[in-house]
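Next comes upload10.cif, a file with mmCIF, C-alpha atoms and all ligand atoms.
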```cif
data_protein
#
loop_
_atom_site.group_PDB
_atom_site.id
_atom_site.type_symbol
_atom_site.label_atom_id
_atom_site.label_comp_id
_atom_site.auth_asym_id
_atom_site.auth_seq_id
_atom_site.Cartn_x
_atom_site.Cartn_y
_atom_site.Cartn_z
ATOM 1 C CA MET A 1 11.493 11.253 18.772
ATOM 2 C CA SER A 2 14.651 9.983 20.438
ATOM 3 C CA ASP A 3 17.982 10.760 18.840
ATOM 4 C CA ILE A 4 18.708 7.125 18.022
ATOM 5 C CA LEU A 5 15.396 6.637 16.213
ATOM 6 C CA GLU A 6 16.125 9.780 14.178
ATOM 7 C CA GLN A 7 19.580 8.412 13.366
ATOM 8 C CA GLN A 8 18.015 5.097 12.399
ATOM 9 C CA GLN A 9 15.710 6.843 9.923
ATOM 10 C CA ALA A 10 18.569 8.947 8.555
ATOM 11 C CA TYR A 11 20.717 5.833 8.200
ATOM 12 C CA TYR A 12 18.156 4.028 6.052
ATOM 13 C CA CYS A 13 17.599 7.123 3.871
ATOM 14 C CA ALA A 14 21.363 7.362 3.324
ATOM 15 C CA ARG A 15 21.687 3.605 2.755
ATOM 16 C CA SER A 16 18.761 3.252 0.355
ATOM 17 C CA ALA A 17 20.780 3.165 -2.898
ATOM 18 C CA GLU A 18 23.186 0.517 -1.532
ATOM 19 C CA TYR A 19 20.600 -1.376 0.586
ATOM 20 C CA ASP A 20 20.034 -4.276 -1.815
ATOM 21 C CA GLN A 21 23.753 -5.186 -1.714
ATOM 22 C CA TRP A 22 22.989 -6.714 1.707
ATOM 23 C CA TRP A 23 20.216 -8.956 0.407
ATOM 24 C CA GLU A 24 22.106 -9.806 -2.795
ATOM 25 C CA ARG A 25 25.321 -10.552 -0.837
ATOM 26 C CA GLN A 26 27.373 -8.091 -2.861
ATOM 27 C CA GLY A 27 30.313 -5.837 -1.988
ATOM 28 C CA ARG A 28 30.936 -5.733 1.780
ATOM 29 C CA TYR A 29 28.230 -8.391 2.290
ATOM 30 C CA ASP A 30 29.843 -10.993 0.024
ATOM 31 C CA GLN A 31 30.835 -13.749 2.470
ATOM 32 C CA GLY A 32 32.025 -16.257 -0.155
ATOM 33 C CA THR A 33 30.167 -18.688 -2.392
ATOM 34 C CA GLU A 34 29.192 -21.209 0.260
ATOM 35 C CA ARG A 35 27.742 -18.758 2.800
ATOM 36 C CA ASN A 36 26.117 -16.689 0.046
ATOM 37 C CA GLN A 37 24.416 -19.795 -1.334
ATOM 38 C CA GLN A 38 23.228 -20.728 2.148
ATOM 39 C CA TRP A 39 21.738 -17.232 2.513
ATOM 40 C CA GLN A 40 19.925 -17.613 -0.829
ATOM 41 C CA ILE A 41 18.583 -21.054 0.111
ATOM 42 C CA GLU A 42 17.253 -19.783 3.439
ATOM 43 C CA GLY A 43 15.705 -16.699 1.800
ATOM 44 C CA GLN A 44 13.984 -18.951 -0.721
ATOM 45 C CA LEU A 45 12.651 -21.163 2.076
ATOM 46 C CA VAL A 46 11.010 -18.141 3.711
ATOM 47 C CA ARG A 47 9.617 -16.921 0.363
ATOM 48 C CA ASP A 48 8.183 -20.393 -0.282
ATOM 49 C CA THR A 49 6.519 -20.394 3.147
ATOM 50 C CA LEU A 50 5.024 -16.954 2.452
ATOM 51 C CA HIS A 51 3.581 -18.165 -0.830
ATOM 52 C CA GLN A 52 1.888 -21.096 0.891
ATOM 53 C CA LEU A 53 -0.511 -18.640 2.548
ATOM 54 C CA PRO A 54 -3.946 -18.289 0.948
ATOM 55 C CA ALA A 55 -4.451 -15.408 -1.486
ATOM 56 C CA GLN A 56 -5.202 -12.192 0.387
ATOM 57 C CA ASN A 57 -7.373 -9.195 -0.298
ATOM 58 C CA HIS A 58 -5.594 -6.234 1.351
ATOM 59 C CA ILE A 59 -2.054 -6.540 2.743
ATOM 60 C CA LEU A 60 -0.306 -3.923 4.882
ATOM 61 C CA GLU A 61 3.480 -3.941 4.609
ATOM 62 C CA LEU A 62 5.313 -2.040 7.322
ATOM 63 C CA ALA A 63 8.831 -0.645 6.696
ATOM 64 C CA CYS A 64 8.670 -1.805 3.073
ATOM 65 C CA GLY A 65 12.166 -0.551 2.158
ATOM 66 C CA THR A 66 13.354 -1.098 -1.412
ATOM 67 C CA GLY A 67 10.668 -3.692 -2.207
ATOM 68 C CA ILE A 68 12.489 -7.002 -1.686
ATOM 69 C CA TRP A 69 9.263 -8.305 -0.089
ATOM 70 C CA THR A 70 6.769 -5.934 -1.744
ATOM 71 C CA LYS A 71 7.471 -7.700 -5.038
ATOM 72 C CA GLU A 72 6.479 -10.983 -3.375
ATOM 73 C CA LEU A 73 3.402 -9.508 -1.701
ATOM 74 C CA VAL A 74 1.946 -8.256 -5.003
ATOM 75 C CA LYS A 75 1.757 -11.930 -6.050
ATOM 76 C CA LEU A 76 -0.215 -12.782 -2.917
ATOM 77 C CA GLY A 77 -2.547 -9.825 -2.371
ATOM 78 C CA GLN A 78 -5.112 -7.930 -4.436
ATOM 79 C CA SER A 79 -3.834 -4.643 -3.015
ATOM 80 C CA ILE A 80 -0.869 -3.647 -0.871
ATOM 81 C CA THR A 81 -0.462 -0.610 1.375
ATOM 82 C CA ALA A 82 3.276 -0.120 1.873
ATOM 83 C CA VAL A 83 4.532 2.205 4.616
ATOM 84 C CA ASP A 84 8.060 3.499 5.209
ATOM 85 C CA ALA A 85 9.557 6.657 6.728
ATOM 86 C CA SER A 86 12.091 7.095 3.944
ATOM 87 C CA ALA A 87 11.099 8.876 0.726
ATOM 88 C CA GLU A 88 14.264 7.453 -0.862
ATOM 89 C CA MET A 89 13.264 3.876 0.009
ATOM 90 C CA LEU A 90 9.712 4.418 -1.252
ATOM 91 C CA ALA A 91 10.977 5.795 -4.577
ATOM 92 C CA ILE A 92 13.242 2.764 -5.129
ATOM 93 C CA ASN A 93 10.412 0.429 -4.149
ATOM 94 C CA GLN A 94 7.974 2.044 -6.581
ATOM 95 C CA ALA A 95 10.510 1.915 -9.444
ATOM 96 C CA LYS A 96 11.286 -1.739 -8.704
ATOM 97 C CA VAL A 97 7.784 -3.098 -8.082
ATOM 98 C CA GLN A 98 5.938 -0.988 -10.683
ATOM 99 C CA SER A 99 2.478 -2.075 -9.624
ATOM 100 C CA ASP A 100 -0.797 -0.150 -9.609
ATOM 101 C CA HIS A 101 -1.873 -2.432 -6.797
ATOM 102 C CA VAL A 102 0.525 -0.808 -4.302
ATOM 103 C CA THR A 103 -0.334 2.371 -2.391
ATOM 104 C CA TYR A 104 2.652 4.021 -0.718
ATOM 105 C CA ILE A 105 2.532 5.974 2.537
ATOM 106 C CA GLN A 106 5.480 7.884 3.980
ATOM 107 C CA ALA A 107 5.104 7.751 7.761
ATOM 108 C CA ASP A 108 6.891 7.141 11.032
ATOM 109 C CA LEU A 109 5.807 3.747 12.329
ATOM 110 C CA PHE A 110 6.295 4.838 15.928
ATOM 111 C CA THR A 111 3.328 7.192 15.539
ATOM 112 C CA TRP A 112 1.418 6.013 12.426
ATOM 113 C CA GLN A 113 -1.657 3.873 12.888
ATOM 114 C CA SER A 114 -4.405 3.107 10.399
ATOM 115 C CA GLU A 115 -8.077 3.057 11.355
ATOM 116 C CA GLN A 116 -8.497 0.380 8.709
ATOM 117 C CA GLN A 117 -8.140 -3.338 9.371
ATOM 118 C CA PHE A 118 -6.187 -5.509 6.934
ATOM 119 C CA ASP A 119 -6.389 -9.157 5.891
ATOM 120 C CA MET A 120 -2.663 -9.569 6.382
ATOM 121 C CA ILE A 121 0.261 -7.593 7.807
ATOM 122 C CA PHE A 122 3.855 -8.216 6.760
ATOM 123 C CA PHE A 123 7.134 -6.770 8.023
ATOM 124 C CA GLY A 124 10.623 -7.796 7.005
ATOM 125 C CA PHE A 125 13.720 -6.924 9.067
ATOM 126 C CA TRP A 126 11.783 -4.274 10.960
ATOM 127 C CA LEU A 127 10.912 -5.694 14.378
ATOM 128 C CA SER A 128 14.609 -5.869 15.282
ATOM 129 C CA HIS A 129 14.733 -2.073 14.859
ATOM 130 C CA VAL A 130 11.944 -1.442 17.358
ATOM 131 C CA PRO A 131 13.411 -0.614 20.792
ATOM 132 C CA SER A 132 12.330 -3.004 23.552
ATOM 133 C CA ASN A 133 10.444 -0.268 25.406
ATOM 134 C CA LYS A 134 8.276 0.346 22.315
ATOM 135 C CA LEU A 135 7.814 -3.279 21.279
ATOM 136 C CA GLN A 136 4.486 -4.057 22.947
ATOM 137 C CA ALA A 137 2.911 -0.746 21.865
ATOM 138 C CA PHE A 138 4.037 -1.442 18.294
ATOM 139 C CA LEU A 139 2.660 -4.991 18.341
ATOM 140 C CA GLN A 140 -0.617 -3.818 19.916
ATOM 141 C CA GLY A 141 -0.977 -1.436 16.980
ATOM 142 C CA VAL A 142 -0.283 -4.276 14.560
ATOM 143 C CA SER A 143 -2.910 -6.457 16.206
ATOM 144 C CA GLN A 144 -5.477 -3.630 16.108
ATOM 145 C CA MET A 145 -4.887 -3.208 12.373
ATOM 146 C CA LEU A 146 -5.469 -6.923 11.707
ATOM 147 C CA LYS A 147 -8.934 -8.275 11.030
ATOM 148 C CA PRO A 148 -10.024 -11.186 13.242
ATOM 149 C CA ASN A 149 -8.252 -14.282 11.860
ATOM 150 C CA GLY A 150 -6.065 -11.932 9.772
ATOM 151 C CA TYR A 151 -2.592 -13.190 8.915
ATOM 152 C CA LEU A 152 0.757 -11.943 10.166
ATOM 153 C CA PHE A 153 4.023 -12.822 8.433
ATOM 154 C CA MET A 154 7.422 -11.487 9.480
ATOM 155 C CA ILE A 155 11.069 -12.236 8.871
ATOM 156 C CA ASP A 156 14.091 -10.907 10.708
ATOM 157 C CA SER A 157 17.751 -11.592 11.423
ATOM 158 C CA GLN A 158 19.355 -14.147 13.654
ATOM 159 C CA ARG A 159 22.490 -12.912 15.386
ATOM 160 C CA ASN A 160 25.143 -14.055 12.910
ATOM 161 C CA GLN A 161 28.268 -12.086 12.091
ATOM 162 C CA MET A 162 28.259 -13.544 8.558
ATOM 163 C CA ALA A 163 24.914 -11.854 7.857
ATOM 164 C CA THR A 164 26.284 -8.373 8.150
ATOM 165 C CA ALA A 165 28.974 -6.360 6.347
ATOM 166 C CA LYS A 166 32.560 -7.573 6.590
ATOM 167 C CA ASN A 167 33.658 -4.283 8.196
ATOM 168 C CA GLN A 168 30.772 -4.298 10.685
ATOM 169 C CA ASN A 169 31.615 -4.294 14.411
ATOM 170 C CA MET A 170 31.087 -7.597 16.235
ATOM 171 C CA LEU A 171 27.437 -8.195 17.053
ATOM 172 C CA ASP A 172 27.308 -8.207 20.843
ATOM 173 C CA GLU A 173 24.424 -8.152 23.323
ATOM 174 C CA SER A 174 23.906 -4.381 23.142
ATOM 175 C CA PRO A 175 20.772 -3.291 21.240
ATOM 176 C CA ILE A 176 22.660 -0.219 19.980
ATOM 177 C CA HIS A 177 24.719 -0.956 16.890
ATOM 178 C CA THR A 178 27.061 1.243 14.924
ATOM 179 C CA ARG A 179 26.432 0.814 11.197
ATOM 180 C CA ILE A 180 28.823 1.933 8.458
ATOM 181 C CA LEU A 181 27.911 2.938 4.908
ATOM 182 C CA ASN A 182 30.047 2.255 1.820
ATOM 183 C CA ASP A 183 31.404 5.813 2.043
ATOM 184 C CA GLY A 184 32.447 5.305 5.690
ATOM 185 C CA ARG A 185 29.699 7.396 7.339
ATOM 186 C CA GLU A 186 28.624 5.942 10.684
ATOM 187 C CA PHE A 187 25.180 5.854 12.332
ATOM 188 C CA GLN A 188 23.840 4.352 15.517
ATOM 189 C CA ILE A 189 20.734 2.223 15.223
ATOM 190 C CA ILE A 190 18.677 -0.241 17.262
ATOM 191 C CA LYS A 191 19.054 -3.956 16.512
ATOM 192 C CA VAL A 192 17.408 -6.465 18.838
ATOM 193 C CA PHE A 193 17.707 -10.187 18.137
ATOM 194 C CA TYR A 194 14.860 -12.514 19.102
ATOM 195 C CA ASP A 195 14.754 -16.174 19.941
ATOM 196 C CA ARG A 196 11.867 -18.444 19.020
ATOM 197 C CA ASP A 197 10.107 -18.588 22.368
ATOM 198 C CA GLY A 198 10.606 -14.906 23.153
ATOM 199 C CA LEU A 199 9.092 -13.809 19.849
ATOM 200 C CA GLN A 200 6.223 -16.284 20.098
ATOM 201 C CA SER A 201 5.369 -14.972 23.553
ATOM 202 C CA GLU A 202 5.542 -11.288 22.471
ATOM 203 C CA LEU A 203 3.105 -12.077 19.632
ATOM 204 C CA ALA A 204 0.811 -14.131 21.878
ATOM 205 C CA GLN A 205 0.469 -11.115 24.196
ATOM 206 C CA VAL A 206 -1.253 -9.255 21.355
ATOM 207 C CA ASN A 207 -3.435 -12.245 20.404
ATOM 208 C CA ILE A 208 -1.332 -13.350 17.470
ATOM 209 C CA ASP A 209 -0.972 -17.100 17.489
ATOM 210 C CA ALA A 210 2.252 -17.588 15.567
ATOM 211 C CA ASP A 211 4.463 -20.398 14.409
ATOM 212 C CA VAL A 212 7.998 -19.026 14.854
ATOM 213 C CA ARG A 213 10.833 -20.781 13.035
ATOM 214 C CA LEU A 214 14.567 -20.399 12.583
ATOM 215 C CA THR A 215 16.368 -21.136 9.348
ATOM 216 C CA ASN A 216 19.709 -22.941 9.771
ATOM 217 C CA GLU A 217 21.882 -19.840 10.021
ATOM 218 C CA PHE A 218 20.446 -16.488 9.152
ATOM 219 C CA PHE A 219 16.738 -15.832 9.628
ATOM 220 C CA ILE A 220 13.932 -16.001 12.145
ATOM 221 C CA TYR A 221 10.442 -15.889 10.677
ATOM 222 C CA ALA A 222 6.919 -16.137 11.965
ATOM 223 C CA HIS A 223 3.525 -16.647 10.496
ATOM 224 C CA GLY A 224 0.265 -16.762 12.305
ATOM 225 C CA GLN A 225 -3.205 -15.398 12.732
ATOM 226 C CA LYS A 226 -4.957 -13.032 15.072
ATOM 227 C CA VAL A 227 -7.156 -15.017 17.382
ATOM 228 C CA ILE A 228 -10.108 -13.642 19.287
ATOM 229 C CA ARG A 229 -9.959 -14.925 22.845
ATOM 230 C CA SER A 230 -13.235 -15.149 24.738
HETATM 231 C C1 LIG B 1 16.096 -3.086 7.558
HETATM 232 S S1 LIG B 1 15.098 -2.110 6.494
HETATM 233 C C2 LIG B 1 13.861 -3.295 5.987
HETATM 234 C C3 LIG B 1 13.328 -3.029 4.616
HETATM 235 C C4 LIG B 1 12.479 -4.143 4.018
HETATM 236 N N1 LIG B 1 11.348 -4.471 4.838
HETATM 237 C C5 LIG B 1 13.297 -5.383 3.747
HETATM 238 O O1 LIG B 1 13.026 -6.431 4.338
HETATM 239 O O2 LIG B 1 14.227 -5.311 2.937
HETATM 240 C C6 LIG B 1 14.250 -1.086 7.620
HETATM 241 C C7 LIG B 1 13.290 -0.107 6.977
HETATM 242 O O3 LIG B 1 12.650 0.640 8.020
HETATM 243 C C8 LIG B 1 12.499 1.973 7.608
HETATM 244 N N2 LIG B 1 12.367 2.802 8.817
HETATM 245 C C9 LIG B 1 13.314 3.145 9.705
HETATM 246 N N3 LIG B 1 12.779 3.858 10.709
HETATM 247 C C10 LIG B 1 11.453 3.972 10.435
HETATM 248 C C11 LIG B 1 10.354 4.569 11.099
HETATM 249 N N4 LIG B 1 10.497 5.197 12.260
HETATM 250 N N5 LIG B 1 9.126 4.487 10.525
HETATM 251 C C12 LIG B 1 8.952 3.844 9.341
HETATM 252 N N6 LIG B 1 9.958 3.236 8.677
HETATM 253 C C13 LIG B 1 11.190 3.294 9.221
HETATM 254 C C14 LIG B 1 13.722 2.259 6.795
HETATM 255 O O4 LIG B 1 13.550 3.375 5.954
HETATM 256 C C15 LIG B 1 13.927 0.934 6.062
HETATM 257 O O5 LIG B 1 13.266 0.947 4.823
#
```

So that I can check it, write out the structure of this file as structure tokens.
Amino acid sequence: MSDILEQQQAYYCARSAEYDQWWERQGRYDQGTERNQQWQIEGQLVRDTLHQLPAQNHILELACGTGIWTKELVKLGQSITAVDASAEMLAINQAKVQSDHVTYIQADLFTWQSEQQFDMIFFGFWLSHVPSNKLQAFLQGVSQMLKPNGYLFMIDSQRNQMATAKNQNMLDESPIHTRILNDGREFQIIKVFYDRDGLQSELAQVNIDADVRLTNEFFIYAHGQKVIRS
């Protein structure tokens, strides 16, 4: 594994206990009432779109983290398989979600692949951490793990300085970002931002016909289905 992908894993293990401060807009992520409210509104819009999908049998969640989305997916699916490389993240997720319907797997998503096919695959704030040279292989794997007509739902970040911590370096064009923890430790990670058409085309290449949308400021999200082309 490349050094940066190891650092990325180590970063999320080290960040696990403070991770939800980002989603809750607390501490270094508190950007003031107005921007925080906008973040909440846009998050709710994406949650509402997710819950418009039909009920699912078996959902695969990739890079499940602390369970911000796992707790939504248990309302939608009969059973969830949730994968993450970080034991710390998985422990927080399990304590938060507390559901017998979730099976947890600790694995590296750059090598892990299930033989099984799922009714739906979800990943939140993960695709942006996949380096460009691994993107198509990752998405091919996703498509292989989806049943024909299976659903894909994903959410990720738009490039917006107000989305990140106040002491975070400016978000420039480089896919390598330096991230800082509350205690000042620094890690280098991958963060790639997508635009609507680019993401739609990457998904189409693996036979996922997706509707890609942007919220006003913070998020890009996509939902679609695997199509079988003749
Ligand atoms: C930005 S967080 C997203 C967490 C969650 N999906 C959410 O939306 O809050 C990225 C997640 O990817 C996990 N991760 C990082 N590298 C990984 C890898 N190589 N394989 C599997 N998971 C990885 C981290 O542990 C972390 O939980």

Subject >> Selection under test: the PyMOL selection byres (((not hetatm)) within 9 of (chain B and resi 1)); residues as a ChimeraX atom specification >> reply: /A:1,5-13,15-16,19-20,22-23,61-70,83-90,106-112,122-130,155-156

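Of the listed residues A:Ala82, A:Met154, A:Val192, A:Ala95, the one whose atoms come nearest to Asp172 in chain A is A:Val192, with distances taken using only C-alpha atoms.
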
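With only C-alpha atoms as the atoms that count, the residue of A:Ala17, A:Ala210, A:Met120, A:Ala165 with the shortest distance to Ile80 in chain A is A:Met120.
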
**OP:** Would you work out the distance separating CA of Thr164 in chain A from CA of Tyr221 in chain A, expressed in Å to one decimal?
**Re:** 17.7 Å

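Closest approach to Asp100 in chain A among A:Gln158, A:Ile59, A:Gln78, A:Asn182 is made by A:Gln78 (distances from only C-alpha atoms).
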
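The space separating CA of Asp195 in chain A from CA of Leu135 in chain A comes to 14.7 Å.
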
List, as a short mmCIF file (atom, residue, chain, number, x, y, z; two decimals) with C-alpha atoms, in the frame of the given file, every residue that the PyMOL selection byres (((chain A and resi 208) around 9) and not hetatm) selects in the file provided.
```cif
data_model
loop_
_atom_site.label_atom_id
_atom_site.label_comp_id
_atom_site.auth_asym_id
_atom_site.auth_seq_id
_atom_site.Cartn_x
_atom_site.Cartn_y
_atom_site.Cartn_z
CA SER A 143 -2.91 -6.46 16.21
CA ASN A 149 -8.25 -14.28 11.86
CA TYR A 151 -2.59 -13.19 8.91
CA LEU A 152 0.76 -11.94 10.17
CA GLN A 200 6.22 -16.28 20.10
CA GLU A 202 5.54 -11.29 22.47
CA LEU A 203 3.10 -12.08 19.63
CA ALA A 204 0.81 -14.13 21.88
CA GLN A 205 0.47 -11.12 24.20
CA VAL A 206 -1.25 -9.26 21.36
CA ASN A 207 -3.44 -12.24 20.40
CA ASP A 209 -0.97 -17.10 17.49
CA ALA A 210 2.25 -17.59 15.57
CA GLY A 224 0.26 -16.76 12.30
CA GLN A 225 -3.20 -15.40 12.73
CA LYS A 226 -4.96 -13.03 15.07
CA VAL A 227 -7.16 -15.02 17.38
CA ILE A 228 -10.11 -13.64 19.29
#
```

**OP:** Grab the CA of Phe219 in chain A to CA of Tyr194 in chain A distance for me, in Å with one decimal place.
**Re:** 10.2 Å

Ref. answer, residues at most 12 Å from (24.8, -7.9, 22.6) with all atoms listed in the file, as a compact mmCIF listing (two decimals) with C-alpha atoms, in the frame of the given file:
```txt
# COMPACT_ATOMS: atom_id res chain seq x y z
CA ARG A 159 22.49 -12.91 15.39
CA ASN A 160 25.14 -14.06 12.91
CA GLN A 161 28.27 -12.09 12.09
CA ASN A 169 31.62 -4.29 14.41
CA MET A 170 31.09 -7.60 16.24
CA LEU A 171 27.44 -8.20 17.05
CA ASP A 172 27.31 -8.21 20.84
CA GLU A 173 24.42 -8.15 23.32
CA SER A 174 23.91 -4.38 23.14
CA PRO A 175 20.77 -3.29 21.24
CA ILE A 176 22.66 -0.22 19.98
CA HIS A 177 24.72 -0.96 16.89
CA ILE A 190 18.68 -0.24 17.26
CA LYS A 191 19.05 -3.96 16.51
CA VAL A 192 17.41 -6.46 18.84
CA PHE A 193 17.71 -10.19 18.14
CA TYR A 194 14.86 -12.51 19.10
```

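Selection check: the PyMOL selection byres (((chain A and resi 45) around 12) and not hetatm) on the shown file gives Gln38, Trp39, Gln40, Ile41, Glu42, Gly43, Gln44, Val46, Arg47, Asp48, Thr49, Leu50, His51, Gln52, Ile155, Arg213, Leu214, Thr215, Asn216, Phe218, Phe219, Ile220 and Tyr221 of chain A.
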
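For the choices A:His223, A:Arg229, A:Arg185, A:Lys166, the atom-to-atom distance to Arg25 in chain A is smallest for A:Lys166 when using only C-alpha atoms.
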
**OP:** Skip Ser79 in chain A itself and residues of its chain fewer than 4 positions away, then list as a list of chain:residue names all residues within 7 Å of it, counting only C-alpha atoms.
**Re:** A:Asn57, A:His58, A:Ile59, A:His101, A:Val102

**OP:** Kindly indicate which residue among A:Val74, A:Leu60, A:Ile121, A:Leu199 lies nearest to Ile105 in chain A, using all atoms listed in the file for the distances.
**Re:** A:Leu60

Subject >> Residue contacts of Gln116 in chain A (8 Å, all atoms listed in the file) excluding same-chain residues fewer than 2 positions away, as a ChimeraX atom specification >> reply: /A:114,118,145
